[in-house]
Structure formats: C-alpha cells, structure tokens
Amino acid sequence: MQLYSTNNKNLRCSFKQAVLKGISEDGGLFMPVIIPAMPNVFFKEISEMSFREIAFKVSKTLLQDEIPLIDLKKIVDESISFDAPLVKLDEANHVLELFHGPTLAFKDFGARFMAKTLSYFRDEKEITILVATSGDTGSAVANGFYNVDGIKIVLLYPSGKVSKIQEQQLTTLGGNVTALEVEGNFDDCQRLVKQAFADQQLNELLNLSSANSINIARLIPQSFYYFYAYSQLINKQKEIVFSVPSGNFGNLTAGLIAYKMGLPVKNFIASVNSNDVFPNYISEGRFEAKPSVQTISNAMDVGNPSNFARLSNLFGDDYAVIKSLIKSFSFSDDETKNAIKEVEEKFNYVIDPHGAVGYLGLQKYYKEVRNECNGIILETAHPAKFKSTVDEVLNIDLPLPKELASCMNKEKQAAQISNNYSEFKSYLINQIA
C-alpha cells in the first residue's frame, strides 16, 4: 500500500510510515494512491458476515500486504469488540448507533484500531501522540492508548467548549494521558498540533504522531461501519443515503472511501450545525475557512475542516462530481432542539444533538432532492454525553451509563495554556520530553 501527501502527490510513503508520522513532512494528509474495489461476491455475501468479518475483509483489501493477515486479524478482532446496530425508525429512516464502545462515541472504532496498529508498528523509541479534540476524539484516543507502553498522549481541548461529561472523560484518566485546556476554540487546538508537527526542533526532541482523523489509521476503520450498516438493511434494492453529522469531515471521508471501494450509495449528506463552511462550498464552489462558532453539537464546531483536502482529492478536486454526490445543509441550535423533540415524539427514540443534526439533514434531503430511500443517520454519540441539553429539551432525567457515571466524581487533571504556539511548545519540552 502506497500513500501520498495531499500537498504533493509525488511524495509517497508506506502505510507504516504514514501511521507513525501522522502527517506528511510538507503538512499534507496521507491518502492511498489506489483505493481497490471490493469484489462483487463480498456484497452478495455481506448479510451473512459478522462486523469483524466485514472489517477484516475491507482492511485486508485496502492495506494489501502491509500487515501479515494473522496480525491484521488480531488487530481487527481486538478493535471491533462492540456492535454498531442499525435501528429502524420507519421505512425511510434508520439510525446507525455508533456509541456502544467504551467511551460511548463513534471515535472508539478508529481510536482502538489505531492504538493496536501503532503499537504493532512501534519500535523501541517512545512516541508522543498529540490530539486536538472538539469533544469525543480525546476521550476515545485516551481510552484506546491508556497505559500502553512507550506511548504518551497529549490532549488539547478548547476551554468551555466541550460538555461537562466530555471534559471529565478527557481529564480524569491520568497515567500516560496529559490534558491541556486551551484558551480558544477547536481550530486553535488543531493549529497548535499542526505547528508542532512542522517544528523540526520539537520533532528532534519528541517522536511525534497524531491520533486525530488526520492519521490514516484513525480514518480507515471508520469505513468499516458503513459496510456493516449496508449489511443490516433488509431491503437492499432501495437507494441508500447516509446523513453524516460533520465537523472535521473525517467520518464523511471514511464513508467516501467505502463508496470508492464499491459500497452502493446514492448520496451522502454532510449535515452541519451553524459552522457552515462546507454547505457554502457546495452551493458556491469556493472553500473559505472561517472562525468556528459554539453550538450544542460541539464536536462539529469546526471552521476549517482539515479532511476537506482528502475529500477533494478523492474526486480529483472535481467540484461538479463532489456536488452531485454530496449534499450539505446547515442547522441552528433551535432547529436541533426541535429535532430532538420530533424524533422522540414520532419514534420514541432519544437522539443526541449531533444525531439530531443528521436527522434534519436527511429530512431536508427528502424534501429537496428525492423521495424515500434507505436513509441512514449516523448517531455518533450516546445522548447521555449531552445530558444537560437532552434533559432540558425533553424534560427528562436521562440516566448516566456506568461508563460515564464512573468518571463524574473523579478529580479533573488539566493544565491551562493559551493558544500561543510558543507556550505550547515550551510545555511539551519542559513537561513531556
């Protein structure tokens, strides 16, 4: 398997090199040179396969001979140890529940796969993983790498812009996990991480890698559950549409990789909150980053999604092709709250704010693009992770799952820093190196 940099397609490396580096030396993101299609027999037999079997076959096809099959199977089996059930609301609306992992968020799939893969590739040198998080990535990565020998985790999260429960998950593990509370927004956290990777002096002191979706080993396993969702559909003859709550666009890009591998999808919907950079691109043909704004679906509060470069590269930067395949709609917090109410009243189903944005995107698609199909909403987090919002909207007292309740009484451990790079660099040198 060969990968290239989105900044320079002539800059190539192996999968192992891409996983260990995280990001290319020129600041680009790694993408596969070739995305092979799954054979027809795979789709004919997919309904009879387990989630793990699907994940193994997809990863084997995509990675080719990068990892011996016996080792790859072990990585997959240890990573995909929980389900992603497809819940049918009605004939037109399905919810793919991606919150059955240890931190109750879809990031668990990618984080655990990456942790196992990075541990497999690591030599004797200690690795420091930098992670910018808008909510769920940090806790999933921290859980996946917790107390793994030879690996340190540094989480950067925006102060006051993640839920209380998310913050407790981020800041209470200790051990090899360090949490940094950054004065700023997610884009500031992401910028600090990217600057660190470009800093030659810092890289000579620390063996840096990334576990954001900018790392290809985080992205690839997220394609698995798109195939698994398809396997669970009863009527596979109807057209399929995925509505993906989108922020940094890693989840959507993973779905597009599945599409390139042959998954029969009619359209993808990039459903976003008030951070509407991508809908503006779809409608106007110009990608213009802008400062993010805070919303109740905070994991999507991204004003400059880094995976846009990958998404565009997948289709040769052909705007017309991208626009025909991907629809994108933006929704306010008030619309999101109303959607949470509507889903509960119509289907007796409690959905989190991110899934609610996905629901809104699918309903708008039905009104503006085409009639009923197999609509699949990605429910990216357990609603209890946003308990205060869900409780207020539905006037309920949502019980906390044990995975969340266990961290609520633990002491927060986080260092506060500004969004100034020199301060961040000094912290890494003095506290981590």
# chains A, B, ... in the order shown; residues from 1 in each chain; ligands from 1
call {"tool": "residues_around", "arguments": {"residues": "Asn10 in chain A", "least_positions_apart": "5", "cutoff": "12 Å", "atoms": "only C-alpha atoms", "output": "list in words"}}
result
Gln2, Leu3, Tyr4, Ser5, Ser24, Asp26, Gly28, Phe30, Met31 and Val33 of chain A
call {"tool": "residues_around", "arguments": {"residues": "Tyr146 in chain A", "least_positions_apart": "5", "cutoff": "8 Å", "atoms": "only C-alpha atoms", "output": "PyMOL selection string"}}
result
chain A and resi 173+175-177
call {"tool": "write_last_selection", "arguments": {"atoms": "N, CA and C atoms", "output": "mmCIF file, in the first residue's frame"}}
result
data_model
loop_
_atom_site.group_PDB
_atom_site.id
_atom_site.type_symbol
_atom_site.label_atom_id
_atom_site.label_comp_id
_atom_site.auth_asym_id
_atom_site.auth_seq_id
_atom_site.Cartn_x
_atom_site.Cartn_y
_atom_site.Cartn_z
ATOM 1 N N LEU A 173 -8.231 10.525 33.488
ATOM 2 C CA LEU A 173 -7.541 9.242 33.362
ATOM 3 C C LEU A 173 -6.190 9.228 34.046
ATOM 4 N N GLY A 175 -2.179 8.733 34.365
ATOM 5 C CA GLY A 175 -1.265 7.778 33.740
ATOM 6 C C GLY A 175 -0.466 8.412 32.621
ATOM 7 N N ASN A 176 -0.530 7.833 31.449
ATOM 8 C CA ASN A 176 0.238 8.348 30.306
ATOM 9 C C ASN A 176 -0.532 9.388 29.507
ATOM 10 N N VAL A 177 -1.634 9.886 30.082
ATOM 11 C CA VAL A 177 -2.502 10.845 29.388
ATOM 12 C C VAL A 177 -2.402 12.213 30.047
#
call {"tool": "closest_residue", "arguments": {"among": "A:Phe145, A:Phe308, A:Phe347, A:Phe109", "to": "Gly247 in chain A", "atoms": "only C-alpha atoms"}}
result
A:Phe308
call {"tool": "residues_around", "arguments": {"residues": "Ser306 in chain A", "least_positions_apart": "3", "cutoff": "8 Å", "atoms": "only C-alpha atoms", "output": "PyMOL selection string"}}
result
chain A and resi 214+248-249+309
call {"tool": "write_last_selection", "arguments": {"atoms": "N, CA and C atoms", "output": "short mmCIF file (atom, residue, chain, number, x, y, z; two decimals), in the first residue's frame"}}
result
data_model
loop_
_atom_site.label_atom_id
_atom_site.label_comp_id
_atom_site.auth_asym_id
_atom_site.auth_seq_id
_atom_site.Cartn_x
_atom_site.Cartn_y
_atom_site.Cartn_z
N ILE A 214 -6.68 13.06 11.12
CA ILE A 214 -5.61 13.33 10.16
C ILE A 214 -4.69 12.11 10.02
N ASN A 248 -15.04 17.91 11.39
CA ASN A 248 -13.73 17.90 10.75
C ASN A 248 -13.70 17.02 9.50
N PHE A 249 -14.83 16.37 9.20
CA PHE A 249 -15.10 15.63 7.97
C PHE A 249 -14.31 14.32 7.83
N ALA A 309 -9.28 18.48 2.42
CA ALA A 309 -8.25 18.21 1.41
C ALA A 309 -8.35 16.76 0.93
#
call {"tool": "closest_residue", "arguments": {"among": "A:Thr103, A:Ser297, A:Gln237, A:Thr61", "to": "Asp334 in chain A", "atoms": "only C-alpha atoms"}}
result
A:Ser297
call {"tool": "select_by_dssp", "arguments": {"residues": "range 157-365 of chain A", "states": "alpha helix (DSSP H)", "output": "VMD selection string"}}
result
chain A and resid 164 to 171 186 to 198 200 to 205 216 to 219 224 to 232 250 to 260 277 to 284 308 to 314 319 to 325 333 to 347 353 to 365
call {"tool": "residues_around", "arguments": {"residues": "Leu360 in chain A", "least_positions_apart": "6", "cutoff": "9 Å", "atoms": "only C-alpha atoms", "output": "short mmCIF file (atom, residue, chain, number, x, y, z; two decimals) with N, CA and C atoms, in the first residue's frame"}}
result
data_model
loop_
_atom_site.label_atom_id
_atom_site.label_comp_id
_atom_site.auth_asym_id
_atom_site.auth_seq_id
_atom_site.Cartn_x
_atom_site.Cartn_y
_atom_site.Cartn_z
N SER A 243 -26.68 10.15 6.07
CA SER A 243 -26.61 11.50 6.61
C SER A 243 -25.59 11.52 7.74
N SER A 271 -24.28 16.87 7.08
CA SER A 271 -25.19 17.64 7.92
C SER A 271 -24.36 18.38 8.97
N PHE A 329 -26.28 20.56 4.32
CA PHE A 329 -27.23 21.50 4.89
C PHE A 329 -26.77 21.90 6.29
N SER A 330 -27.10 23.13 6.66
CA SER A 330 -26.70 23.68 7.95
C SER A 330 -27.95 23.95 8.80
N PHE A 331 -27.82 23.73 10.12
CA PHE A 331 -28.97 23.89 11.01
C PHE A 331 -28.56 24.60 12.30
N GLU A 335 -33.22 24.62 15.75
CA GLU A 335 -33.67 23.53 14.88
C GLU A 335 -33.23 22.18 15.42
N THR A 336 -32.02 22.14 15.97
CA THR A 336 -31.50 20.90 16.54
C THR A 336 -32.34 20.46 17.73
N ALA A 339 -35.55 19.07 16.60
CA ALA A 339 -35.37 17.73 16.02
C ALA A 339 -35.29 16.67 17.10
#
call {"tool": "closest_atom_pairs", "arguments": {"of": "range 158-243 of chain A", "to": "range 74-78 of chain A", "cutoff": "12 Å", "atoms": "only C-alpha atoms", "output": "tab-separated table"}}
result
residue	atom	partner	partner_atom	distance
A:Ala217	CA	A:Ile75	CA	11.7
A:Ile220	CA	A:Val76	CA	11.6
A:Pro221	CA	A:Val76	CA	8.9
A:Phe224	CA	A:Val76	CA	10.4
